[in-house]
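The next block is protein-v6.cif, given as mmCIF, C-alpha atoms.
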data_input
#
loop_
_atom_site.label_atom_id
_atom_site.label_comp_id
_atom_site.auth_asym_id
_atom_site.auth_seq_id
_atom_site.Cartn_x
_atom_site.Cartn_y
_atom_site.Cartn_z
CA MET A 1 -38.84 15.95 -52.53
CA PRO A 2 -37.69 14.15 -55.68
CA HIS A 3 -38.71 10.52 -56.02
CA GLY A 4 -36.08 8.10 -54.72
CA SER A 5 -34.27 10.60 -52.52
CA HIS A 6 -33.87 9.76 -48.82
CA GLU A 7 -33.75 12.27 -46.04
CA ARG A 8 -31.34 11.38 -43.12
CA PRO A 9 -33.35 11.20 -39.88
CA ALA A 10 -32.67 14.11 -37.58
CA ARG A 11 -30.46 13.10 -34.58
CA ARG A 12 -29.54 15.01 -31.49
CA PRO A 13 -25.80 15.66 -31.15
CA THR A 14 -24.18 12.95 -28.95
CA TRP A 15 -22.76 15.47 -26.49
CA LYS A 16 -26.25 16.74 -25.68
CA VAL A 17 -27.10 13.27 -24.32
CA ALA A 18 -23.72 12.26 -22.88
CA THR A 19 -23.16 15.42 -20.89
CA PRO A 20 -26.27 15.12 -18.64
CA VAL A 21 -25.55 11.41 -18.11
CA ALA A 22 -21.95 12.08 -17.08
CA VAL A 23 -23.00 14.86 -14.70
CA THR A 24 -25.60 12.58 -13.13
CA LEU A 25 -23.08 9.75 -12.63
CA CYS A 26 -20.57 12.15 -11.04
CA GLY A 27 -23.22 13.33 -8.64
CA ILE A 28 -24.02 9.77 -7.63
CA LEU A 29 -20.33 8.95 -7.09
CA PHE A 30 -19.80 12.07 -4.96
CA GLY A 31 -22.80 11.11 -2.86
CA VAL A 32 -21.57 7.55 -2.31
CA SER A 33 -18.07 8.78 -1.40
CA ALA A 34 -19.45 11.25 1.12
CA ALA A 35 -21.60 8.57 2.73
CA GLN A 36 -18.75 6.09 2.97
CA SER A 37 -16.12 8.48 4.24
CA GLU A 38 -18.32 10.05 6.94
CA GLY A 39 -16.25 13.17 6.68
CA ARG A 40 -12.88 11.36 6.62
CA ASP A 41 -10.26 11.34 3.88
CA LEU A 42 -10.88 8.22 1.81
CA ARG A 43 -7.35 8.31 0.46
CA GLY A 44 -5.87 7.96 3.94
CA GLY A 45 -2.71 9.73 2.91
CA ARG A 46 -1.26 9.51 6.42
CA LEU A 47 -1.41 5.70 6.29
CA THR A 48 -0.07 5.12 2.79
CA ASP A 49 3.17 3.54 3.93
CA LEU A 50 3.69 0.44 6.09
CA ALA A 51 5.56 2.31 8.80
CA SER A 52 2.58 4.62 9.38
CA VAL A 53 0.19 1.67 9.57
CA VAL A 54 2.40 -0.11 12.10
CA GLN A 55 2.75 3.07 14.17
CA ALA A 56 -1.00 3.68 14.17
CA GLU A 57 -1.78 0.11 15.25
CA SER A 58 0.92 0.25 17.92
CA GLU A 59 -0.52 3.46 19.39
CA ARG A 60 -4.05 2.03 19.30
CA THR A 61 -2.98 -1.17 21.07
CA SER A 62 -1.01 0.77 23.69
CA ALA A 63 -4.05 2.92 24.44
CA LEU A 64 -6.25 -0.15 24.85
CA THR A 65 -3.64 -1.81 27.09
CA GLU A 66 -3.56 1.25 29.36
CA LYS A 67 -7.35 1.17 29.54
CA VAL A 68 -7.30 -2.52 30.53
CA ALA A 69 -4.73 -1.80 33.26
CA ALA A 70 -6.88 1.02 34.63
CA LEU A 71 -9.99 -1.17 34.67
CA ASN A 72 -8.10 -3.98 36.42
CA ALA A 73 -6.94 -1.50 39.07
CA ASP A 74 -10.56 -0.41 39.59
CA ILE A 75 -11.64 -4.03 39.98
CA GLU A 76 -8.87 -4.66 42.51
CA GLU A 77 -9.86 -1.60 44.53
CA LEU A 78 -13.55 -2.48 44.55
CA SER A 79 -12.86 -6.12 45.44
CA SER A 80 -10.63 -5.17 48.38
CA GLY A 81 -13.49 -3.32 50.01
CA LEU A 82 -15.92 -6.23 50.06
CA GLY A 83 -14.62 -7.72 53.31
CA ASP A 84 -16.05 -11.16 52.57
CA ARG A 85 -14.02 -14.15 53.80
CA SER A 86 -14.32 -16.05 50.54
CA VAL A 87 -13.21 -12.98 48.59
CA THR A 88 -10.26 -12.49 50.95
CA ARG A 89 -9.22 -16.10 50.47
CA VAL A 90 -9.37 -15.79 46.69
CA GLN A 91 -7.42 -12.53 46.79
CA ARG A 92 -4.71 -14.26 48.84
CA GLN A 93 -4.49 -16.98 46.20
CA VAL A 94 -4.29 -14.37 43.45
CA ARG A 95 -1.40 -12.61 45.20
CA THR A 96 0.42 -15.92 45.56
CA LEU A 97 0.07 -16.74 41.86
CA SER A 98 0.62 -13.21 40.51
CA ASP A 99 4.39 -13.40 40.74
CA PRO A 100 4.96 -16.63 38.75
CA ALA A 101 2.24 -15.55 36.32
CA GLY A 102 4.19 -12.41 35.46
CA LEU A 103 1.67 -10.00 36.97
CA THR A 104 4.15 -8.36 39.37
CA PRO A 105 7.45 -6.54 38.63
CA VAL A 106 10.71 -8.46 39.14
CA THR A 107 14.03 -6.77 39.95
CA GLY A 108 17.46 -8.33 39.80
CA GLN A 109 20.61 -8.98 37.78
CA ALA A 110 19.98 -9.63 34.13
CA VAL A 111 21.37 -10.65 30.75
CA GLN A 112 20.49 -8.62 27.67
CA VAL A 113 20.61 -10.07 24.16
CA THR A 114 20.23 -7.84 21.08
CA LEU A 115 19.39 -9.30 17.66
CA ASP A 116 19.36 -7.13 14.55
CA ASP A 117 19.13 -7.44 10.77
CA ALA A 118 22.22 -6.95 8.63
CA SER A 119 22.56 -3.54 7.02
CA LEU A 120 21.36 -3.02 3.46
CA GLU A 121 24.93 -2.51 2.26
CA VAL A 122 26.04 -5.83 3.77
CA ARG A 123 23.10 -7.66 2.21
CA GLN A 124 23.74 -6.30 -1.25
CA ALA A 125 27.48 -6.99 -1.16
CA ALA A 126 27.01 -10.55 0.12
CA MET A 127 24.28 -11.44 -2.39
CA GLU A 128 26.38 -10.06 -5.24
CA ALA A 129 29.25 -12.28 -4.12
CA ASP A 130 27.09 -15.40 -3.66
CA ASP A 131 24.06 -16.00 -5.88
CA GLU A 132 22.61 -18.59 -3.48
CA LEU A 133 22.08 -16.07 -0.70
CA THR A 134 18.72 -14.30 -0.32
CA ALA A 135 17.42 -11.43 1.79
CA ASN A 136 16.05 -13.95 4.32
CA ASP A 137 19.62 -14.92 5.22
CA PHE A 138 20.24 -11.44 6.60
CA VAL A 139 17.23 -10.84 8.85
CA VAL A 140 16.21 -11.94 12.34
CA HIS A 141 13.47 -14.56 12.27
CA GLN A 142 10.75 -15.48 14.73
CA GLN A 143 12.52 -18.71 15.72
CA ASP A 144 15.70 -16.78 16.59
CA ILE A 145 13.84 -14.62 19.10
CA GLN A 146 12.00 -17.63 20.50
CA ALA A 147 15.29 -19.52 20.90
CA VAL A 148 16.72 -16.72 23.07
CA ALA A 149 13.60 -16.57 25.24
CA ASN A 150 13.51 -20.37 25.63
CA ALA A 151 17.18 -20.50 26.62
CA LEU A 152 16.58 -17.89 29.32
CA TRP A 153 13.56 -19.83 30.63
CA ARG A 154 15.56 -23.07 30.72
CA ALA A 155 18.17 -21.29 32.81
CA GLY A 156 15.51 -20.49 35.40
CA ALA A 157 14.96 -16.82 34.54
CA GLU A 158 12.54 -15.17 36.95
CA ALA A 159 11.28 -12.84 34.23
CA VAL A 160 11.87 -12.30 30.50
CA THR A 161 11.03 -9.25 28.41
CA ILE A 162 11.16 -8.54 24.69
CA GLN A 163 11.18 -4.88 23.65
CA GLY A 164 10.27 -4.10 27.28
CA GLN A 165 7.15 -6.32 27.11
CA ARG A 166 6.87 -8.92 29.88
CA LEU A 167 6.48 -12.46 28.57
CA VAL A 168 3.82 -14.67 30.17
CA SER A 169 2.57 -18.20 29.53
CA THR A 170 0.14 -17.02 26.84
CA THR A 171 2.61 -14.78 24.98
CA GLY A 172 2.93 -15.53 21.28
CA ILE A 173 5.82 -14.26 19.16
CA LYS A 174 4.40 -13.73 15.69
CA CYS A 175 6.39 -12.69 12.63
CA GLU A 176 4.49 -10.37 10.26
CA GLY A 177 6.48 -9.13 7.31
CA ASN A 178 9.57 -7.32 8.58
CA SER A 179 8.21 -6.89 12.11
CA VAL A 180 7.38 -9.07 15.11
CA THR A 181 4.11 -8.76 17.01
CA LEU A 182 3.91 -9.22 20.80
CA HIS A 183 0.61 -8.89 22.65
CA GLY A 184 -0.87 -7.21 19.59
CA VAL A 185 1.88 -4.58 19.27
CA PRO A 186 4.19 -4.72 16.20
CA TYR A 187 7.92 -4.11 16.70
CA GLY A 188 10.79 -3.76 14.27
CA PRO A 189 14.47 -4.63 14.79
CA PRO A 190 16.70 -4.44 16.71
CA TYR A 191 15.07 -6.91 19.10
CA VAL A 192 16.16 -6.56 22.74
CA ILE A 193 15.53 -9.58 24.99
CA VAL A 194 16.25 -9.33 28.71
CA GLY A 195 16.27 -12.15 31.26
CA VAL A 196 16.27 -11.50 35.02
CA GLY A 197 17.82 -14.24 37.13
CA ASP A 198 21.05 -16.21 37.54
CA THR A 199 23.28 -14.59 34.90
CA THR A 200 25.83 -17.43 34.86
CA LYS A 201 23.18 -20.04 34.06
CA MET A 202 21.54 -17.80 31.48
CA PHE A 203 24.83 -17.15 29.66
CA GLY A 204 25.50 -20.90 29.71
CA GLU A 205 22.14 -21.78 28.13
CA LEU A 206 22.55 -19.08 25.48
CA GLU A 207 25.92 -20.53 24.54
CA ALA A 208 24.68 -24.14 24.49
CA ASP A 209 21.50 -23.68 22.45
CA PRO A 210 22.02 -25.24 18.97
CA ILE A 211 19.75 -22.76 17.19
CA LEU A 212 21.64 -19.84 18.67
CA GLN A 213 24.99 -21.47 17.86
CA GLU A 214 23.98 -21.52 14.20
CA TYR A 215 22.74 -17.94 14.45
CA ARG A 216 26.06 -16.76 15.91
CA THR A 217 28.01 -18.63 13.23
CA TRP A 218 26.15 -16.65 10.60
CA ALA A 219 26.41 -13.42 12.62
CA PHE A 220 30.20 -13.67 12.85
CA ALA A 221 30.72 -14.89 9.27
CA PRO A 222 33.22 -12.96 7.11
CA GLY A 223 31.54 -10.07 5.32
CA GLY A 224 29.00 -9.51 8.07
CA GLY A 225 25.53 -10.78 8.73
CA VAL A 226 22.85 -10.56 11.40
CA THR A 227 23.79 -8.99 14.73
CA TRP A 228 24.38 -10.84 18.01
CA GLU A 229 25.23 -8.84 21.12
CA THR A 230 25.10 -9.88 24.80
CA GLU A 231 25.47 -7.65 27.82
CA PHE A 232 25.45 -8.14 31.59
CA LEU A 233 23.09 -5.78 33.42
CA GLY A 234 23.77 -5.14 37.11
CA GLU A 235 20.14 -4.59 38.09
CA VAL A 236 16.98 -4.06 36.10
CA THR A 237 13.25 -4.26 36.75
CA ALA A 238 11.08 -6.33 34.45
CA PRO A 239 7.64 -4.67 34.45
CA ALA A 240 4.49 -6.57 35.26
CA TYR A 241 2.36 -7.85 32.41
CA GLU A 242 -0.61 -5.51 32.01
CA GLY A 243 -2.42 -7.04 29.05
CA LEU A 244 -5.47 -9.26 28.87
CA THR A 245 -5.44 -12.39 31.00
CA ASP A 246 -8.65 -13.98 29.72
CA LEU A 247 -8.24 -17.11 27.60
CA SER A 248 -10.37 -17.93 24.57
CA TRP A 249 -10.62 -21.13 22.61
CA ALA A 250 -12.44 -22.55 19.61
CA LYS A 251 -15.86 -24.13 20.02
CA PRO A 252 -17.22 -26.93 17.83
CA ILE A 253 -20.09 -26.06 15.49
CA GLU A 254 -23.25 -27.78 16.62
CA GLY A 255 -25.55 -29.49 14.24
#

Encoded form using C-alpha coordinates:
Amino acid sequence: MPHGSHERPARRPTWKVATPVAVTLCGILFGVSAAQSEGRDLRGGRLTDLASVVQAESERTSALTEKVAALNADIEELSSGLGDRSVTRVQRQVRTLSDPAGLTPVTGQAVQVTLDDASLEVRQAAMEADDELTANDFVVHQQDIQAVANALWRAGAEAVTIQGQRLVSTTGIKCEGNSVTLHGVPYGPPYVIVGVGDTTKMFGELEADPILQEYRTWAFAPGGGVTWETEFLGEVTAPAYEGLTDLSWAKPIEG
(Lines of atoms letter the chains of each structure in order from A and count residues from 1; the text may use other names and numbers.)
(Lines give C-alpha, C1' and ligand atoms only; values in the text may rest on other atoms or scores of the structure.)
Protein backbone atom coordinates (compact mmCIF):
# COMPACT_ATOMS: atom_id res chain seq x y z
CA MET A 1 0.00 0.00 0.00
CA PRO A 2 1.61 3.31 -0.97
CA HIS A 3 2.38 5.71 1.85
CA GLY A 4 -0.40 8.23 2.47
CA SER A 5 -3.14 6.24 0.79
CA HIS A 6 -6.26 5.43 2.83
CA GLU A 7 -8.38 2.36 2.41
CA ARG A 8 -12.19 2.91 2.92
CA PRO A 9 -13.39 0.63 5.75
CA ALA A 10 -15.48 -2.26 4.52
CA ARG A 11 -19.23 -1.74 5.26
CA ARG A 12 -22.11 -4.12 4.91
CA PRO A 13 -24.75 -2.95 2.42
CA THR A 14 -27.58 -1.09 4.25
CA TRP A 15 -30.27 -3.40 2.91
CA LYS A 16 -28.61 -6.40 4.54
CA VAL A 17 -29.24 -4.79 7.95
CA ALA A 18 -32.54 -3.03 7.27
CA THR A 19 -34.31 -6.03 5.80
CA PRO A 20 -34.04 -8.30 8.90
CA VAL A 21 -35.05 -5.39 11.15
CA ALA A 22 -38.13 -4.61 9.04
CA VAL A 23 -39.17 -8.27 8.96
CA THR A 24 -38.79 -8.50 12.73
CA LEU A 25 -40.90 -5.37 13.32
CA CYS A 26 -43.64 -6.67 10.99
CA GLY A 27 -43.72 -9.91 12.92
CA ILE A 28 -44.12 -8.05 16.19
CA LEU A 29 -46.94 -5.89 14.80
CA PHE A 30 -48.79 -8.93 13.43
CA GLY A 31 -48.50 -10.59 16.82
CA VAL A 32 -49.85 -7.54 18.67
CA SER A 33 -52.75 -7.18 16.21
CA ALA A 34 -53.70 -10.83 16.59
CA ALA A 35 -53.65 -10.56 20.38
CA GLN A 36 -55.76 -7.41 20.42
CA SER A 37 -58.33 -8.51 17.89
CA GLU A 38 -58.92 -11.96 19.43
CA GLY A 39 -59.94 -13.20 16.03
CA ARG A 40 -62.12 -10.17 15.19
CA ASP A 41 -61.71 -7.69 12.36
CA LEU A 42 -59.85 -4.70 13.80
CA ARG A 43 -61.08 -2.47 11.01
CA GLY A 44 -64.70 -3.03 11.99
CA GLY A 45 -65.88 -2.39 8.46
CA ARG A 46 -69.50 -3.08 9.39
CA LEU A 47 -69.46 -0.21 11.90
CA THR A 48 -67.66 2.42 9.86
CA ASP A 49 -70.67 4.68 9.50
CA LEU A 50 -72.77 6.31 12.22
CA ALA A 51 -75.98 4.60 11.15
CA SER A 52 -74.42 1.17 11.68
CA VAL A 53 -73.15 2.15 15.12
CA VAL A 54 -76.58 3.44 16.15
CA GLN A 55 -78.26 0.30 14.83
CA ALA A 56 -75.83 -1.98 16.66
CA GLU A 57 -76.29 -0.13 19.97
CA SER A 58 -80.06 -0.12 19.52
CA GLU A 59 -80.14 -3.89 18.96
CA ARG A 60 -77.86 -4.48 21.96
CA THR A 61 -80.02 -2.33 24.24
CA SER A 62 -83.21 -4.00 23.02
CA ALA A 63 -81.76 -7.42 23.77
CA LEU A 64 -80.78 -6.34 27.28
CA THR A 65 -84.23 -4.83 27.86
CA GLU A 66 -85.90 -8.10 26.87
CA LYS A 67 -83.61 -9.95 29.26
CA VAL A 68 -84.54 -7.58 32.11
CA ALA A 69 -88.25 -8.09 31.39
CA ALA A 70 -87.81 -11.87 31.46
CA LEU A 71 -85.93 -11.73 34.76
CA ASN A 72 -88.59 -9.47 36.29
CA ALA A 73 -91.26 -11.96 35.22
CA ASP A 74 -89.30 -14.76 36.90
CA ILE A 75 -89.04 -12.72 40.10
CA GLU A 76 -92.78 -12.02 40.04
CA GLU A 77 -93.58 -15.70 39.57
CA LEU A 78 -91.25 -16.83 42.35
CA SER A 79 -92.52 -14.14 44.73
CA SER A 80 -96.16 -15.08 44.16
CA GLY A 81 -95.50 -18.59 45.41
CA LEU A 82 -94.09 -17.59 48.79
CA GLY A 83 -97.47 -17.27 50.50
CA ASP A 84 -96.12 -15.03 53.26
CA ARG A 85 -98.48 -12.34 54.59
CA SER A 86 -95.86 -9.60 54.48
CA VAL A 87 -94.96 -10.53 50.90
CA THR A 88 -98.64 -10.51 49.93
CA ARG A 89 -99.08 -7.07 51.44
CA VAL A 90 -96.08 -5.70 49.57
CA GLN A 91 -97.29 -7.27 46.32
CA ARG A 92 -100.66 -5.56 46.80
CA GLN A 93 -98.89 -2.23 47.21
CA VAL A 94 -96.81 -2.89 44.10
CA ARG A 95 -99.94 -3.60 42.06
CA THR A 96 -101.51 -0.37 43.30
CA LEU A 97 -98.49 1.71 42.31
CA SER A 98 -97.67 -0.09 39.05
CA ASP A 99 -100.27 1.77 37.04
CA PRO A 100 -99.24 5.37 37.88
CA ALA A 101 -95.59 4.31 37.66
CA GLY A 102 -96.06 3.26 34.04
CA LEU A 103 -95.52 -0.45 34.67
CA THR A 104 -98.88 -1.55 33.24
CA PRO A 105 -100.36 -1.00 29.74
CA VAL A 106 -102.91 1.80 29.30
CA THR A 107 -105.61 1.77 26.60
CA GLY A 108 -107.76 4.67 25.51
CA GLN A 109 -108.26 7.57 23.12
CA ALA A 110 -105.08 9.38 22.21
CA VAL A 111 -103.43 12.31 20.47
CA GLN A 112 -100.43 11.72 18.23
CA VAL A 113 -97.87 14.42 17.46
CA THR A 114 -95.19 13.93 14.79
CA LEU A 115 -92.08 16.13 14.65
CA ASP A 116 -89.60 15.86 11.79
CA ASP A 117 -86.58 17.65 10.37
CA ALA A 118 -86.90 19.72 7.21
CA SER A 119 -85.76 18.02 4.03
CA LEU A 120 -82.24 18.63 2.74
CA GLU A 121 -83.60 20.50 -0.28
CA VAL A 122 -85.60 22.87 1.94
CA ARG A 123 -82.58 23.53 4.15
CA GLN A 124 -80.29 24.34 1.27
CA ALA A 125 -82.79 26.62 -0.47
CA ALA A 126 -83.60 28.52 2.74
CA MET A 127 -79.96 28.98 3.78
CA GLU A 128 -79.07 30.22 0.29
CA ALA A 129 -81.86 32.79 0.56
CA ASP A 130 -80.94 33.90 4.10
CA ASP A 131 -77.32 33.87 5.26
CA GLU A 132 -78.33 34.07 8.94
CA LEU A 133 -80.01 30.67 8.90
CA THR A 134 -78.09 27.54 9.92
CA ALA A 135 -78.75 23.81 9.80
CA ASN A 136 -79.91 23.94 13.45
CA ASP A 137 -82.92 26.00 12.38
CA PHE A 138 -84.25 23.05 10.38
CA VAL A 139 -84.01 20.15 12.83
CA VAL A 140 -86.07 18.95 15.79
CA HIS A 141 -84.36 19.63 19.09
CA GLN A 142 -84.53 17.93 22.47
CA GLN A 143 -86.55 20.78 23.99
CA ASP A 144 -89.18 20.48 21.24
CA ILE A 145 -89.83 16.83 22.10
CA GLN A 146 -89.83 17.60 25.82
CA ALA A 147 -92.32 20.44 25.29
CA VAL A 148 -94.79 18.05 23.62
CA ALA A 149 -94.44 15.47 26.39
CA ASN A 150 -94.83 18.13 29.11
CA ALA A 151 -97.95 19.56 27.48
CA LEU A 152 -99.53 16.10 27.39
CA TRP A 153 -98.67 15.53 31.06
CA ARG A 154 -100.14 18.90 32.04
CA ALA A 155 -103.35 17.90 30.29
CA GLY A 156 -103.60 14.86 32.57
CA ALA A 157 -102.44 12.21 30.09
CA GLU A 158 -102.67 8.72 31.58
CA ALA A 159 -99.69 7.55 29.53
CA VAL A 160 -97.20 9.09 27.08
CA THR A 161 -94.94 7.30 24.61
CA ILE A 162 -92.16 8.47 22.33
CA GLN A 163 -91.23 6.17 19.44
CA GLY A 164 -93.40 3.55 21.17
CA GLN A 165 -91.34 3.78 24.40
CA ARG A 166 -93.39 4.39 27.56
CA LEU A 167 -92.27 7.45 29.49
CA VAL A 168 -91.87 7.13 33.27
CA SER A 169 -90.71 9.48 36.02
CA THR A 170 -87.04 8.60 35.44
CA THR A 171 -87.12 8.93 31.64
CA GLY A 172 -84.52 11.28 30.21
CA ILE A 173 -84.70 12.66 26.67
CA LYS A 174 -81.12 13.11 25.55
CA CYS A 175 -80.01 14.63 22.26
CA GLU A 176 -76.89 13.02 20.77
CA GLY A 177 -75.87 14.35 17.39
CA ASN A 178 -78.75 13.91 14.96
CA SER A 179 -80.56 11.37 17.13
CA VAL A 180 -82.41 11.29 20.45
CA THR A 181 -81.76 8.63 23.08
CA LEU A 182 -84.55 7.21 25.28
CA HIS A 183 -83.83 4.54 27.89
CA GLY A 184 -80.47 3.92 26.24
CA VAL A 185 -81.89 3.39 22.74
CA PRO A 186 -81.03 5.97 20.02
CA TYR A 187 -83.79 7.09 17.63
CA GLY A 188 -83.76 9.30 14.56
CA PRO A 189 -86.55 11.50 13.19
CA PRO A 190 -89.44 11.58 12.63
CA TYR A 191 -90.33 11.61 16.33
CA VAL A 192 -93.79 10.25 17.15
CA ILE A 193 -95.23 11.24 20.55
CA VAL A 194 -98.53 9.75 21.70
CA GLY A 195 -100.60 10.76 24.72
CA VAL A 196 -103.46 8.61 26.05
CA GLY A 197 -106.17 10.49 27.91
CA ASP A 198 -108.63 13.36 27.46
CA THR A 199 -107.98 14.38 23.85
CA THR A 200 -109.69 17.78 24.17
CA LYS A 201 -107.48 18.82 27.08
CA MET A 202 -104.37 17.48 25.38
CA PHE A 203 -105.06 19.38 22.15
CA GLY A 204 -105.67 22.51 24.23
CA GLU A 205 -102.34 22.25 26.06
CA LEU A 206 -100.47 21.58 22.83
CA GLU A 207 -101.97 24.73 21.32
CA ALA A 208 -101.27 26.87 24.40
CA ASP A 209 -97.65 25.89 25.04
CA PRO A 210 -95.38 28.87 24.12
CA ILE A 211 -92.46 26.68 23.02
CA LEU A 212 -94.71 24.73 20.67
CA GLN A 213 -96.30 27.94 19.38
CA GLU A 214 -92.85 29.12 18.30
CA TYR A 215 -92.11 25.70 16.81
CA ARG A 216 -95.32 25.77 14.75
CA THR A 217 -94.58 29.31 13.55
CA TRP A 218 -91.30 28.07 12.14
CA ALA A 219 -92.89 24.86 10.82
CA PHE A 220 -95.51 26.79 8.82
CA ALA A 221 -93.15 29.55 7.64
CA PRO A 222 -93.03 30.24 3.89
CA GLY A 223 -90.48 28.04 2.16
CA GLY A 224 -90.92 25.18 4.59
CA GLY A 225 -89.25 24.17 7.79
CA VAL A 226 -89.56 21.52 10.49
CA THR A 227 -92.66 19.32 10.47
CA TRP A 228 -95.62 19.55 12.86
CA GLU A 229 -98.47 17.07 12.49
CA THR A 230 -101.24 16.16 14.96
CA GLU A 231 -103.71 13.33 14.71
CA PHE A 232 -106.60 12.02 16.79
CA LEU A 233 -106.39 8.28 17.51
CA GLY A 234 -109.63 6.50 18.40
CA GLU A 235 -108.03 3.89 20.66
CA VAL A 236 -104.45 2.85 21.27
CA THR A 237 -102.56 0.91 23.92
CA ALA A 238 -99.49 2.44 25.49
CA PRO A 239 -97.22 -0.47 26.45
CA ALA A 240 -95.89 -0.92 29.95
CA TYR A 241 -92.39 0.28 30.72
CA GLU A 242 -90.08 -2.74 30.78
CA GLY A 243 -86.71 -1.15 31.47
CA LEU A 244 -84.69 -0.86 34.65
CA THR A 245 -86.47 0.57 37.68
CA ASP A 246 -83.48 0.78 40.03
CA LEU A 247 -82.24 4.29 40.85
CA SER A 248 -78.59 5.22 41.23
CA TRP A 249 -77.05 8.38 42.56
CA ALA A 250 -73.63 9.90 43.17
CA LYS A 251 -71.81 9.27 46.43
CA PRO A 252 -69.37 11.69 48.05
CA ILE A 253 -65.70 10.68 48.09
CA GLU A 254 -64.60 9.96 51.62
CA GLY A 255 -61.37 11.19 53.00

What would the selection look like, as a list in words, if the PyMOL selection byres ((chain A and resi 184-193) around 8) were run on the coordinates I just shared?
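Evaluating the PyMOL selection byres ((chain A and resi 184-193) around 8) on these coordinates yields Val54, Glu57, Ser58, Thr61, Ser62, Gln112, Val113, Thr114, Leu115, Asp116, Asp117, Val140, Ile145, Val148, Ala149, Val160, Thr161, Ile162, Gln163, Gly164, Asn178, Ser179, Val180, Thr181, Leu182, His183, Val194 and Gly195 of chain A.
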
Would you work out the distance separating atom CA of A:Tyr241 from atom CA of A:Thr199, expressed in Å to one decimal?
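Here the two named atoms are 22.1 Å from each other.
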
Report, in Å with one decimal, the straight-line distance from atom CA of A:Val196 to atom CA of A:Gly156.
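Result for atom CA of A:Val196 versus atom CA of A:Gly156: 9.0 Å, one decimal.
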
Atom CA of A:Glu207 sits from atom CA of A:Leu133 at a separation of 25.9 Å

Just want the 8 Å neighbourhood of A:Gly108, counted on only C-alpha atoms, with same-chain residues fewer than 4 positions away dropped. Output as a PDB file with C-alpha atoms, keeping the file's coordinate frame.
ATOM      1  CA  VAL A 196      16.270 -11.500  35.020  1.00  0.00           C
ATOM      2  CA  GLY A 197      17.820 -14.240  37.130  1.00  0.00           C
ATOM      3  CA  GLY A 234      23.770  -5.140  37.110  1.00  0.00           C
ATOM      4  CA  GLU A 235      20.140  -4.590  38.090  1.00  0.00           C
ATOM      5  CA  VAL A 236      16.980  -4.060  36.100  1.00  0.00           C
ATOM      6  CA  THR A 237      13.250  -4.260  36.750  1.00  0.00           C
TER       7      THR A 237
END

Ranking A:Asp209, A:Lys201, A:Glu254, A:Ser119 by minimum distance to A:Phe138 and counting only C-alpha atoms, which one comes first?
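With only C-alpha atoms as the atom set, the closest residue is A:Ser119.
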
For this structure, which residues satisfy the selection - the PyMOL selection byres ((chain A and resi 206) around 12) - when it is evaluated on the file as given? I want them as a PyMOL selection string.
chain A and resi 111-113+144-155+193+195+199-205+207-216+228-230

Which of these, A:Ala70, A:Thr217, A:Leu167, A:Pro222, has the shortest distance to A:Ala125 once you count all atoms listed in the file?
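Nearest candidate to A:Ala125 out of A:Ala70, A:Thr217, A:Leu167, A:Pro222: A:Pro222.
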
Residues around (3.4, -6.8, 35.9), cut-off 6 Å, counting all atoms listed in the file - what are they as a PDB file with C-alpha atoms, in the coordinates of the input?
ATOM      1  CA  GLY A 102       4.190 -12.410  35.460  1.00  0.00           C
ATOM      2  CA  LEU A 103       1.670 -10.000  36.970  1.00  0.00           C
ATOM      3  CA  THR A 104       4.150  -8.360  39.370  1.00  0.00           C
ATOM      4  CA  PRO A 105       7.450  -6.540  38.630  1.00  0.00           C
ATOM      5  CA  PRO A 239       7.640  -4.670  34.450  1.00  0.00           C
ATOM      6  CA  ALA A 240       4.490  -6.570  35.260  1.00  0.00           C
ATOM      7  CA  TYR A 241       2.360  -7.850  32.410  1.00  0.00           C
ATOM      8  CA  GLU A 242      -0.610  -5.510  32.010  1.00  0.00           C
TER       9      GLU A 242
END

Determine the axis-aligned bounding box of all atoms of stretch 178-188 of chain A present in the file, pad each side by 5 Å, and express its centre and edge lengths in Å to one decimal place as JSON.
{"center_x": 5.0, "center_y": -6.5, "center_z": 15.6, "size_x": 21.7, "size_y": 15.5, "size_z": 24.1}
